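Structure record follows, encoded as structure tokens.
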Amino acid sequence: MGREALAFAISHKDTTPIVIMEKIYNLLAKLLSNYGEHNDSLKYYREAVHAADSRELKALEYSNYVFTYHFLHTSPNEVFQAHLGYSELFKDVPRYEHKDKYRLESICNKPVGKIRVGYISPDLRYHVVLRFCWAMFSNYDKEHFEVYCYYNNLNEDQYSEEIKTMTDNWRNIGGMAPQAAAELIYQDKVDILVDLAGHTKGNPLPILAYKPAPVQISGIGYFATTGLDTVDYFLSDKYLASEREYFSEDIIELDHSHFCYSAIGEIVDVGDAPCKKNNYITFGSFNHLRKVNDEVLKLWTDIIKAVPDSHILLKSEVFDDEYGHKLFCERLNNFGIDINSGEWKKRIELRGFSQDYLKDYLDMDIALDTFPYPGGGTTCDALYMGIPVITLKGENHGERFGYSLLNNIGLPEFIVDSKQAYYDLAVGLANDQEIINNLHIGLRNMMEKSPLMDRKLYMQELEAAYKAVWLKYVNALPKMDCPPEQEAFNYCFDFYTAGDYERAEGWCRLALANNRNGKYLLEETSLLSDILQEKLDYKASWQASKDALDILAAEKDKGTKEFQRRLWINCASRGYKLGFIDEAVAAYYRAAELSTDNYEKIREMGSALLTLLCHTENCEEVRRRLKDIDGVMGKSHPLEKKVVMKSLYDASKTAKIHLAYISPDFRQHVMFSFYYTMLHGYDREKFKVTCISLTEKPDGFTDHLKGLVDNWIDASDQSIKELSSRLKKEKIDILVDLAGHSANSGLPIFYDRVARVQISGLGWMESTGLRCTDYLISDRYIDPDVNNITEQPLYLTSQFCYTGRNDVPVAKGAPCREKGYVTFGVFNHYHKITDKMLLAWKDIMFKVPNSKLLLKSQVMVSGSAQAMAIDRLKALGLDVARIELEGATNTYMNRYLDVDIALDTYPYPGGGTTCDALYMGVPVVSLYGKRRGSRFGLSILSNTGLGELAVSDINDYIDRAVSLAHDSELLDMLHKNLRKMMSTSPIMNGNKYMEELEKAYIAILQEKIKNS
């Protein structure tokens, strides 16, 4: 059909548009290649290049042209020369210059900050290439590298979504013109751009032709030079031993494998070799049929003829095509095999394409590799499924993929250097079913422990190569002098506002180093602290913040009180994050002293108290500090002068109660799980619900919440006074605060009595201490009496109602049953961890030999914070070799599946983390005291039916944890059943919770109206 179309077009050359000729040449070349006629295919792809009417189309056809060379036995030099022609297509393309972007590096004569690596590919989805580059996204060194992904494909899937969560930036450039995509990459200031496609389908090489990054590398998806002179390096390994004379790029040679295999998608279990039940050997290959040339096919047919009763299983999408199936059968006939005969019909099986092809490997005993174009993904898939692969070592880079793979997995005996050796090995192995079966059972484990699947080793080698080529580039930059201090500081500020914190830090340090008169020393040091905070260097940020305060103390002109206040707040919040509680409390109080606004003053005093709660067990101290907070506003807002708000609600009529919730946390936040039922499950016939959002950075969670309620007020940019004036017009019956004295809360507005009834209780651990707060949501476990609260208690069965996520798996059992050791876990904030609790955990680990401790919190994303934590652990005598520190992640819920027992903090216990752990099947051991906020764990565990895990004595806490750790059967039962227990308990019974809460709301309002 294709040749007929071509003949017709040629005979009507005067009337056949050139664009039609290109399509015909392309179609004919593609069909011929699929059916194994590669010489003719090569010819027609070349014609398609000439017929193409645009540079982009010529580039596409040229890539098809050079790709086809790999199916043929041709000289390496011929293939190389063909690839060099690709660069000629782009000889007139303008190329980006980069030296001006690296002025700071030129001055410092060294790399500055993280290296920005961009990966560009059409295959960042379910695709064989993704198996080889997954480690690049999942295991890169976030301290030294920033990763950008450029996906030139419009079709995204679940794996694309997962890559987005793992990396720093994702750009879908599908459909963009090459020059526009290059401009985007250039503006992103990528240092190293890595092409993962080469000349494969949909490749981005035309983008690289513009040189959008100063260093460009190709590899992984292709097995030969790109031929493009803007590509600087090609990724290889010592086994591939790439011939440098046949690459236009310099070679990066890794010590082990140039790629790292990851099993993505559904994992198929392996087992005995099929020959054990079949009593015959099944050879096979899932390589594309284009790779099966006549030389390969003859060798395979000779092998199956030599092994009595042996079968061969071939799988390719060509077999879905009737014509392709017929052509292949004709080829087999040329080697004496009539597939329609009785014998061969049952010995040869041709299967078409299927998405879940891995399970087809369960029908194969021995895999046969193709040559000169060997398998890559198919070889790895076969090995992972336990199938030994026989491969022929080729003469050049592209022919040695199997050689590299088998050496890296530790199976060099399956590599041969001649067709005769290939034949002998296949026939000999077929006669030893015991060896075949042992390989089927053990190969996966062998592969998982080899360099081929060692993500950590691979990324260490790869990133060391990145650092080397980047250093080489930086060292070659022309040297430049440092500008004056003010100019350097201006550069610093510009980069800071642009979000480029690495270069902002570099310029800031240059400005500081050249500060001769101290004129801008305070501003520079303060900005350095902000920069380091954004860079997650928390320890250095806190130190710079303290340095700024030292400079402030020595200044005669200290600036405005507001400027000083901000410096003290920065120091307080940064010290608090790192657990420097006393210093943080003092700094918050100093900020409060500097505040000229009483609303802001009580916020800062509240922050000081919140910080103090991490360490203090003293109920009297908490009450005293709360009284101080109340006293600040009491002078200017005497309660006896307050006017009682009028209400639209009348119990005898049909008007709804106007219920409002105020919070800074209507976003992705731990509180979402606790207030969601309030907003989702309210009685719409009785209540009109308004949310007053103080959320500074709304997100998708915010948008979802907006759709649940009757009214939404965005007050993030309003002062308390402005908001108070607005809310008085809303005629709110009941206002419920969901943040207490935590950061940026709306609690100060209570002093303006904007609602008839004002309630608090969630998002804060203690009483508000404010006389203007009428009620506090509580339960009998948290407040067995009212000694610790100034409000009236609004008692529920459980203060909390937890909403679990439906996108996380259910625990299958205690992980210690498989691992052989117990893992304790603490996912609470680091600032909640006291030395007292660390010593208790030390005692627990001593009494549970070989146990491990996982400390996972947001602060641990910082390398400097981790180093500081390790020093602290060592000083207290903990065995840091048994402790893992891990930063917070979006997928932290799944991490609970690796934890056997969660250990709660004290005196500031977990709330959200305790519920999350229980929901994921992990029992929690909690310590409580007399102070209200220390009893949250008691309430949650008691309402879940696990009250015996909450204790009031530190020795009992240790004993409970140790006893549970030694009872693996009980642990396993709890892991399997805790979610069900929790789901049927008061802690997750949303209907009962809302029934109790709304009944209380109505009773409280009616009582208020009656007494007013």
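For the structure tokens, the naming scheme is as follows: chains receive sequential letters (A, B, ...) according to their order of presentation, residues are indexed from 1 within each chain, and ligands are indexed from 1 in presentation order.
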
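Residues of range 61-213 of chain A assigned to strand (DSSP E or B) by DSSP on this structure's backbone: Ile115, Arg116, Val117, Gly118, Tyr119, Ile120, Ser121, Phe145, Glu146, Val147, Tyr148, Cys149, Tyr150, Tyr151, Asn169, Trp170, Arg171, Asn172, Ile192, Leu193, Val194 and Asp195 of chain A.
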
For those residues, write C-alpha atoms to a file as a PDB file, in the first residue's frame.
```
ATOM      1  CA  ILE A 115      23.181  23.461  41.016  1.00  0.00           C
ATOM      2  CA  ARG A 116      19.973  23.766  39.005  1.00  0.00           C
ATOM      3  CA  VAL A 117      19.522  20.603  36.974  1.00  0.00           C
ATOM      4  CA  GLY A 118      16.813  20.457  34.344  1.00  0.00           C
ATOM      5  CA  TYR A 119      15.617  17.123  32.979  1.00  0.00           C
ATOM      6  CA  ILE A 120      13.879  17.321  29.622  1.00  0.00           C
ATOM      7  CA  SER A 121      11.966  14.411  28.143  1.00  0.00           C
ATOM      8  CA  PHE A 145      20.710  20.406  43.755  1.00  0.00           C
ATOM      9  CA  GLU A 146      17.464  21.957  42.586  1.00  0.00           C
ATOM     10  CA  VAL A 147      15.563  19.929  39.989  1.00  0.00           C
ATOM     11  CA  TYR A 148      13.422  21.286  37.156  1.00  0.00           C
ATOM     12  CA  CYS A 149      11.427  18.941  34.917  1.00  0.00           C
ATOM     13  CA  TYR A 150      10.561  19.940  31.349  1.00  0.00           C
ATOM     14  CA  TYR A 151       7.981  17.585  29.908  1.00  0.00           C
ATOM     15  CA  ASN A 169       9.624  22.608  39.573  1.00  0.00           C
ATOM     16  CA  TRP A 170       7.540  21.072  36.784  1.00  0.00           C
ATOM     17  CA  ARG A 171       7.037  22.688  33.398  1.00  0.00           C
ATOM     18  CA  ASN A 172       4.818  21.106  30.761  1.00  0.00           C
ATOM     19  CA  ILE A 192      22.765  21.774  33.584  1.00  0.00           C
ATOM     20  CA  LEU A 193      20.119  20.566  31.130  1.00  0.00           C
ATOM     21  CA  VAL A 194      19.880  16.771  30.764  1.00  0.00           C
ATOM     22  CA  ASP A 195      18.153  15.320  27.720  1.00  0.00           C
TER      23      ASP A 195
END
```

DSSP alpha helix (DSSP H) residues within range 694-846 of chain A, listed as JSON, numbers by chain: {"A": [700, 701, 702, 703, 704, 705, 706, 720, 721, 722, 723, 724, 725, 726, 727, 728, 816, 817, 818, 819, 835, 836, 837, 838, 839, 840, 841, 842, 843, 844, 845, 846]}

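A straight line drawn from CA of Glu434 in chain A to CA of Lys419 in chain A is 24.8 Å long.
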
Polymer residues at most 7 Å from Arg932 in chain A, only C-alpha atoms, same-chain spacing of 4 or more positions, as a PyMOL selection string: chain A and resi 765-766+782-783+788

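Between CA of Lys238 in chain A and CA of Glu461 in chain A the separation is 12.3 Å.
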
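The smallest atom-to-atom distance between Ser218 in chain A and any of A:His258, A:Thr905, A:Met845, A:Leu240, using only C-alpha atoms, is found for A:His258.
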
Distance of CA of Trp134 in chain A from CA of Met166 in chain A, expressed in Å to one decimal place: 10.2 Å

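Residue nearest Gly929 in chain A within the list A:Asp365, A:Asp683, A:Asp835, A:Glu617: A:Glu617 [criterion: smallest interatomic distance, only C-alpha atoms].
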
Taking only C-alpha atoms into account, produce a table as a tab-separated table in which each residue of range 873-982 of chain A with an atom at most 12 Å from an atom of range 759-764 of chain A appears once, together with its shortest atom pair and the distance in Å to one decimal, ordered by chain and rising number.
```
residue	atom	partner	partner_atom	distance
A:Tyr908	CA	A:Trp764	CA	11.0
A:Pro909	CA	A:Trp764	CA	12.0
A:Gly910	CA	A:Gly763	CA	11.7
A:Gly911	CA	A:Gly763	CA	9.4
A:Gly912	CA	A:Gly763	CA	10.2
A:Arg932	CA	A:Trp764	CA	10.5
A:Gly933	CA	A:Trp764	CA	8.2
A:Ser934	CA	A:Trp764	CA	11.6
A:Phe936	CA	A:Trp764	CA	10.7
```

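Distance annotation: of A:Arg931, A:Gln758, A:Leu613, A:Met988, the residue with the minimal separation from Ile662 in chain A is A:Gln758; atom set is only C-alpha atoms.
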
Long-range neighbours of Leu978 in chain A as a PyMOL selection string, 12 Å cut-off, only C-alpha atoms, 4 positions minimum in chain: chain A and resi 810-814+915-924+941+944-946+970-974+982-985

Residues within 6 Å of range 298-310 of chain A, only C-alpha atoms, excluding chain neighbours under 6 positions, as JSON, numbers by chain: {"A": [280, 281, 282]}

Which residue of A:Pro478, A:Gly342, A:Gly740, A:Gly606 approaches Ile107 in chain A most closely, using only C-alpha atoms: A:Pro478
